[in-house]
file run-v2.txt (compact mmCIF, N, CA and C atoms)
# COMPACT_ATOMS: atom_id res chain seq x y z
N MET A 16 -27.11 145.73 2.79
CA MET A 16 -27.22 147.04 3.39
C MET A 16 -28.11 147.90 2.50
N ASP A 17 -28.99 148.65 3.09
CA ASP A 17 -29.91 149.52 2.37
C ASP A 17 -29.24 150.86 2.12
N ASN A 18 -28.99 151.17 0.86
CA ASN A 18 -28.35 152.44 0.51
C ASN A 18 -29.34 153.44 -0.07
N THR A 19 -30.60 153.33 0.32
CA THR A 19 -31.63 154.22 -0.16
C THR A 19 -31.28 155.66 0.19
N PRO A 20 -31.30 156.57 -0.81
CA PRO A 20 -31.00 157.97 -0.49
C PRO A 20 -31.93 158.51 0.59
N GLY A 21 -31.38 159.31 1.47
CA GLY A 21 -32.18 159.90 2.53
C GLY A 21 -32.25 159.05 3.79
N ARG A 22 -31.78 157.83 3.72
CA ARG A 22 -31.79 156.97 4.92
C ARG A 22 -30.46 157.11 5.63
N ASP A 23 -30.53 157.27 6.93
CA ASP A 23 -29.32 157.35 7.74
C ASP A 23 -29.02 155.97 8.29
N HIS A 24 -27.77 155.60 8.25
CA HIS A 24 -27.34 154.31 8.79
C HIS A 24 -26.16 154.54 9.71
N ALA A 25 -26.20 153.85 10.82
CA ALA A 25 -25.06 153.89 11.73
C ALA A 25 -23.91 153.15 11.07
N PRO A 26 -22.72 153.68 11.19
CA PRO A 26 -21.57 152.97 10.61
C PRO A 26 -21.36 151.65 11.34
N GLU A 27 -20.90 150.68 10.60
CA GLU A 27 -20.61 149.37 11.19
C GLU A 27 -19.20 149.44 11.77
N ILE A 28 -19.13 149.66 13.07
CA ILE A 28 -17.86 149.81 13.75
C ILE A 28 -17.75 148.75 14.83
N ASP A 29 -16.63 148.06 14.84
CA ASP A 29 -16.35 147.08 15.88
C ASP A 29 -15.01 147.45 16.50
N PRO A 30 -15.03 148.36 17.52
CA PRO A 30 -13.78 148.85 18.08
C PRO A 30 -13.02 147.83 18.92
N ALA A 31 -13.69 146.79 19.37
CA ALA A 31 -13.02 145.80 20.21
C ALA A 31 -12.30 144.77 19.35
N PRO A 32 -11.14 144.31 19.81
CA PRO A 32 -10.45 143.25 19.07
C PRO A 32 -11.32 142.01 19.00
N LYS A 33 -11.20 141.27 17.93
CA LYS A 33 -11.94 140.03 17.79
C LYS A 33 -11.41 138.96 18.73
N ILE A 34 -10.10 139.00 19.01
CA ILE A 34 -9.44 137.97 19.82
C ILE A 34 -8.80 138.64 21.03
N VAL A 35 -9.00 138.05 22.20
CA VAL A 35 -8.33 138.51 23.43
C VAL A 35 -7.58 137.31 23.99
N VAL A 36 -6.30 137.55 24.32
CA VAL A 36 -5.47 136.50 24.90
C VAL A 36 -5.06 136.96 26.30
N ASP A 37 -5.50 136.20 27.31
CA ASP A 37 -5.21 136.56 28.70
C ASP A 37 -3.75 136.31 29.05
N ALA A 38 -3.35 136.81 30.22
CA ALA A 38 -1.99 136.63 30.72
C ALA A 38 -1.68 135.15 30.90
N PRO A 39 -0.40 134.80 30.79
CA PRO A 39 -0.01 133.40 30.98
C PRO A 39 -0.34 132.89 32.38
N ARG A 40 -0.81 131.64 32.43
CA ARG A 40 -1.03 130.96 33.71
C ARG A 40 0.29 130.34 34.15
N ALA A 41 0.28 129.72 35.30
CA ALA A 41 1.49 129.10 35.84
C ALA A 41 2.08 128.06 34.89
N ASP A 42 1.20 127.37 34.13
CA ASP A 42 1.69 126.33 33.21
C ASP A 42 2.03 126.90 31.83
N GLY A 43 1.91 128.22 31.66
CA GLY A 43 2.23 128.86 30.39
C GLY A 43 1.05 128.99 29.45
N GLY A 44 -0.06 128.34 29.78
CA GLY A 44 -1.25 128.44 28.94
C GLY A 44 -1.90 129.81 29.07
N ARG A 45 -2.49 130.27 27.99
CA ARG A 45 -3.17 131.57 28.00
C ARG A 45 -4.59 131.37 27.50
N ARG A 46 -5.58 131.81 28.29
CA ARG A 46 -6.99 131.71 27.90
C ARG A 46 -7.22 132.60 26.69
N VAL A 47 -7.90 132.05 25.68
CA VAL A 47 -8.19 132.79 24.45
C VAL A 47 -9.70 133.00 24.34
N TRP A 48 -10.07 134.23 24.03
CA TRP A 48 -11.46 134.62 23.86
C TRP A 48 -11.64 135.10 22.43
N ILE A 49 -12.69 134.66 21.79
CA ILE A 49 -13.06 135.21 20.49
C ILE A 49 -14.48 135.71 20.64
N GLY A 50 -14.64 137.01 20.48
CA GLY A 50 -15.92 137.62 20.81
C GLY A 50 -16.10 137.50 22.32
N HIS A 51 -17.24 136.97 22.74
CA HIS A 51 -17.51 136.78 24.17
C HIS A 51 -17.31 135.34 24.59
N ASP A 52 -16.76 134.51 23.71
CA ASP A 52 -16.62 133.08 24.00
C ASP A 52 -15.19 132.70 24.32
N SER A 53 -15.03 131.97 25.42
CA SER A 53 -13.74 131.38 25.73
C SER A 53 -13.59 130.17 24.81
N VAL A 54 -12.51 130.14 24.04
CA VAL A 54 -12.35 129.06 23.06
C VAL A 54 -11.26 128.07 23.42
N GLY A 55 -10.53 128.30 24.50
CA GLY A 55 -9.53 127.33 24.93
C GLY A 55 -8.29 127.97 25.48
N LEU A 56 -7.31 127.12 25.78
CA LEU A 56 -6.01 127.56 26.28
C LEU A 56 -4.99 127.40 25.16
N ALA A 57 -4.25 128.46 24.92
CA ALA A 57 -3.18 128.44 23.93
C ALA A 57 -1.84 128.31 24.64
N TYR A 58 -0.95 127.54 24.04
CA TYR A 58 0.41 127.38 24.58
C TYR A 58 1.44 127.94 23.60
N GLY A 59 0.96 128.60 22.57
CA GLY A 59 1.82 129.24 21.59
C GLY A 59 0.97 129.95 20.56
N ARG A 60 1.64 130.74 19.72
CA ARG A 60 0.93 131.51 18.70
C ARG A 60 0.13 130.63 17.75
N ILE A 61 0.67 129.46 17.43
CA ILE A 61 -0.02 128.57 16.49
C ILE A 61 -1.38 128.15 17.05
N ASP A 62 -1.48 128.01 18.37
CA ASP A 62 -2.77 127.67 19.00
C ASP A 62 -3.77 128.80 18.82
N VAL A 63 -3.31 130.04 18.97
CA VAL A 63 -4.21 131.20 18.80
C VAL A 63 -4.75 131.21 17.37
N LEU A 64 -3.88 130.96 16.41
CA LEU A 64 -4.31 130.93 15.01
C LEU A 64 -5.27 129.78 14.74
N GLU A 65 -5.06 128.64 15.39
CA GLU A 65 -5.97 127.51 15.21
C GLU A 65 -7.35 127.83 15.79
N PHE A 66 -7.39 128.47 16.95
CA PHE A 66 -8.68 128.88 17.52
C PHE A 66 -9.38 129.86 16.58
N ALA A 67 -8.63 130.77 15.98
CA ALA A 67 -9.21 131.72 15.03
C ALA A 67 -9.80 130.96 13.84
N ARG A 68 -9.09 129.97 13.33
CA ARG A 68 -9.57 129.17 12.20
C ARG A 68 -10.88 128.47 12.56
N ARG A 69 -10.91 127.86 13.75
CA ARG A 69 -12.12 127.15 14.20
C ARG A 69 -13.31 128.10 14.35
N ALA A 70 -13.02 129.37 14.63
CA ALA A 70 -14.10 130.36 14.80
C ALA A 70 -14.53 130.96 13.46
N GLY A 71 -13.93 130.49 12.38
CA GLY A 71 -14.33 130.97 11.06
C GLY A 71 -13.49 132.11 10.52
N LEU A 72 -12.43 132.47 11.22
CA LEU A 72 -11.53 133.51 10.72
C LEU A 72 -10.45 132.86 9.87
N ASP A 73 -9.94 133.58 8.91
CA ASP A 73 -8.86 133.08 8.06
C ASP A 73 -7.55 133.32 8.81
N PRO A 74 -6.87 132.28 9.27
CA PRO A 74 -5.65 132.49 10.05
C PRO A 74 -4.56 133.21 9.27
N ASP A 75 -4.59 133.13 7.94
CA ASP A 75 -3.61 133.85 7.14
C ASP A 75 -3.86 135.36 7.16
N GLN A 76 -5.06 135.76 7.57
CA GLN A 76 -5.41 137.17 7.64
C GLN A 76 -5.36 137.72 9.07
N VAL A 77 -5.06 136.87 10.05
CA VAL A 77 -5.00 137.29 11.45
C VAL A 77 -3.58 137.76 11.76
N ASP A 78 -3.43 139.05 11.98
CA ASP A 78 -2.13 139.63 12.33
C ASP A 78 -2.05 139.70 13.85
N LEU A 79 -1.26 138.82 14.42
CA LEU A 79 -1.16 138.74 15.88
C LEU A 79 -0.55 140.00 16.51
N HIS A 80 0.04 140.85 15.71
CA HIS A 80 0.65 142.09 16.21
C HIS A 80 -0.26 143.31 16.01
N ASP A 81 -1.44 143.10 15.45
CA ASP A 81 -2.37 144.21 15.21
C ASP A 81 -3.32 144.34 16.39
N PRO A 82 -3.23 145.43 17.16
CA PRO A 82 -4.08 145.58 18.35
C PRO A 82 -5.57 145.73 18.01
N ASP A 83 -5.90 146.00 16.76
CA ASP A 83 -7.31 146.05 16.36
C ASP A 83 -7.87 144.64 16.17
N VAL A 84 -6.99 143.67 16.08
CA VAL A 84 -7.40 142.27 15.87
C VAL A 84 -7.23 141.46 17.15
N VAL A 85 -6.09 141.62 17.82
CA VAL A 85 -5.77 140.83 19.02
C VAL A 85 -5.37 141.74 20.15
N ARG A 86 -5.98 141.53 21.31
CA ARG A 86 -5.57 142.25 22.53
C ARG A 86 -4.83 141.23 23.40
N TRP A 87 -3.58 141.51 23.67
CA TRP A 87 -2.75 140.65 24.52
C TRP A 87 -2.73 141.23 25.92
N ARG A 88 -3.12 140.43 26.91
CA ARG A 88 -3.09 140.86 28.31
C ARG A 88 -1.93 140.16 29.00
N GLY A 89 -1.12 140.91 29.70
CA GLY A 89 -0.02 140.31 30.46
C GLY A 89 1.12 139.83 29.59
N GLY A 90 1.38 140.52 28.52
CA GLY A 90 2.48 140.16 27.63
C GLY A 90 1.97 139.97 26.21
N GLY A 91 2.90 140.05 25.27
CA GLY A 91 2.55 139.96 23.87
C GLY A 91 2.62 138.57 23.31
N PRO A 92 2.66 138.46 22.00
CA PRO A 92 2.62 137.15 21.34
C PRO A 92 3.87 136.29 21.56
N ASP A 93 4.92 136.88 22.13
CA ASP A 93 6.13 136.10 22.40
C ASP A 93 6.26 135.70 23.86
N ASP A 94 5.25 136.02 24.69
CA ASP A 94 5.31 135.74 26.13
C ASP A 94 4.41 134.57 26.49
N TRP A 95 5.03 133.46 26.85
CA TRP A 95 4.24 132.24 27.13
C TRP A 95 4.61 131.62 28.47
N THR A 96 5.21 132.39 29.36
CA THR A 96 5.48 131.89 30.71
C THR A 96 4.91 132.90 31.71
N ALA A 97 4.57 132.41 32.88
CA ALA A 97 3.99 133.28 33.90
C ALA A 97 5.07 134.19 34.53
N ASP A 98 6.32 133.82 34.38
CA ASP A 98 7.41 134.61 34.97
C ASP A 98 7.87 135.66 33.98
N ARG A 99 7.23 136.82 34.00
CA ARG A 99 7.62 137.93 33.12
C ARG A 99 8.34 138.96 33.92

call {"tool": "encode", "arguments": {"input": "run-v2.txt", "output": "structure tokens"}}
result
Amino acid sequence: MDNTPGRDHAPEIDPAPKIVVDAPRADGGRRVWIGHDSVGLAYGRIDVLEFARRAGLDPDQVDLHDPDVVRWRGGGPDDWTADR
């Protein structure tokens, strides 16, 4: 980053969560998105963390309850059935 005095720089802001987990399907699987890429179907929290690891994120640093990191659609990290 160029910190030259007098230069204006836009702040590096990423307001969107890095991970989006869609609502459960009939079989309980949830589509997982990292950035703009669909990375697979998760059938539990461990799958979401594995997809994060494969995408280069440190799964030990991924807080599944932090809305700035993960957006859960159609239920939270404990919801894995379509019948909510």

call {"tool": "residues_around", "arguments": {"input": "run-v2.txt", "residues": "Gly43 (chain A)", "least_positions_apart": "2", "cutoff": "6 Å", "atoms": "all atoms listed in the file", "output": "PyMOL selection string"}}
result
chain A and resi 39-41+45+57-58+95-97

call {"tool": "closest_residue", "arguments": {"input": "run-v2.txt", "among": "A:Leu64, A:Arg88, A:Asp93, A:Gly59", "to": "Val35 (chain A)", "atoms": "only C-alpha atoms"}}
result
A:Arg88

call {"tool": "closest_residue", "arguments": {"input": "run-v2.txt", "among": "A:His51, A:Arg68, A:Lys33, A:Arg60", "to": "Val85 (chain A)", "atoms": "only N, CA and C atoms"}}
result
A:Lys33

call {"tool": "select_by_dssp", "arguments": {"input": "run-v2.txt", "residues": "region 50-89 of chain A", "states": "alpha helix (DSSP H)", "output": "ChimeraX atom specification"}}
result
/A:60-69

call {"tool": "atom_distance", "arguments": {"input": "run-v2.txt", "atom1": "CA of Ala67 (chain A)", "atom2": "CA of Pro92 (chain A)"}}
result
14.5 Å

call {"tool": "atom_distance", "arguments": {"input": "run-v2.txt", "atom1": "atom N of Asp78 (chain A)", "atom2": "atom N of Asp42 (chain A)"}}
result
25.5 Å

call {"tool": "atom_distance", "arguments": {"input": "run-v2.txt", "atom1": "CA of Ile61 (chain A)", "atom2": "CA of Pro74 (chain A)"}}
result
9.4 Å

call {"tool": "select_by_dssp", "arguments": {"input": "run-v2.txt", "residues": "region 35-85 of chain A", "states": "strand (DSSP E)", "output": "VMD selection string"}}
result
chain A and resid 35 to 36 45 to 49 52 to 57 85

call {"tool": "residues_around", "arguments": {"input": "run-v2.txt", "residues": "Ala38 (chain A)", "least_positions_apart": "5", "cutoff": "6.5 Å", "atoms": "all atoms listed in the file", "output": "list in words"}}
result
Gly44, Arg45, Arg46, Trp87, Arg88, Gly89 and Gly90 of chain A

call {"tool": "closest_residue", "arguments": {"input": "run-v2.txt", "among": "A:Gly71, A:His80, A:Ile34, A:Glu65", "to": "Ser53 (chain A)", "atoms": "only C-alpha atoms"}}
result
A:Ile34
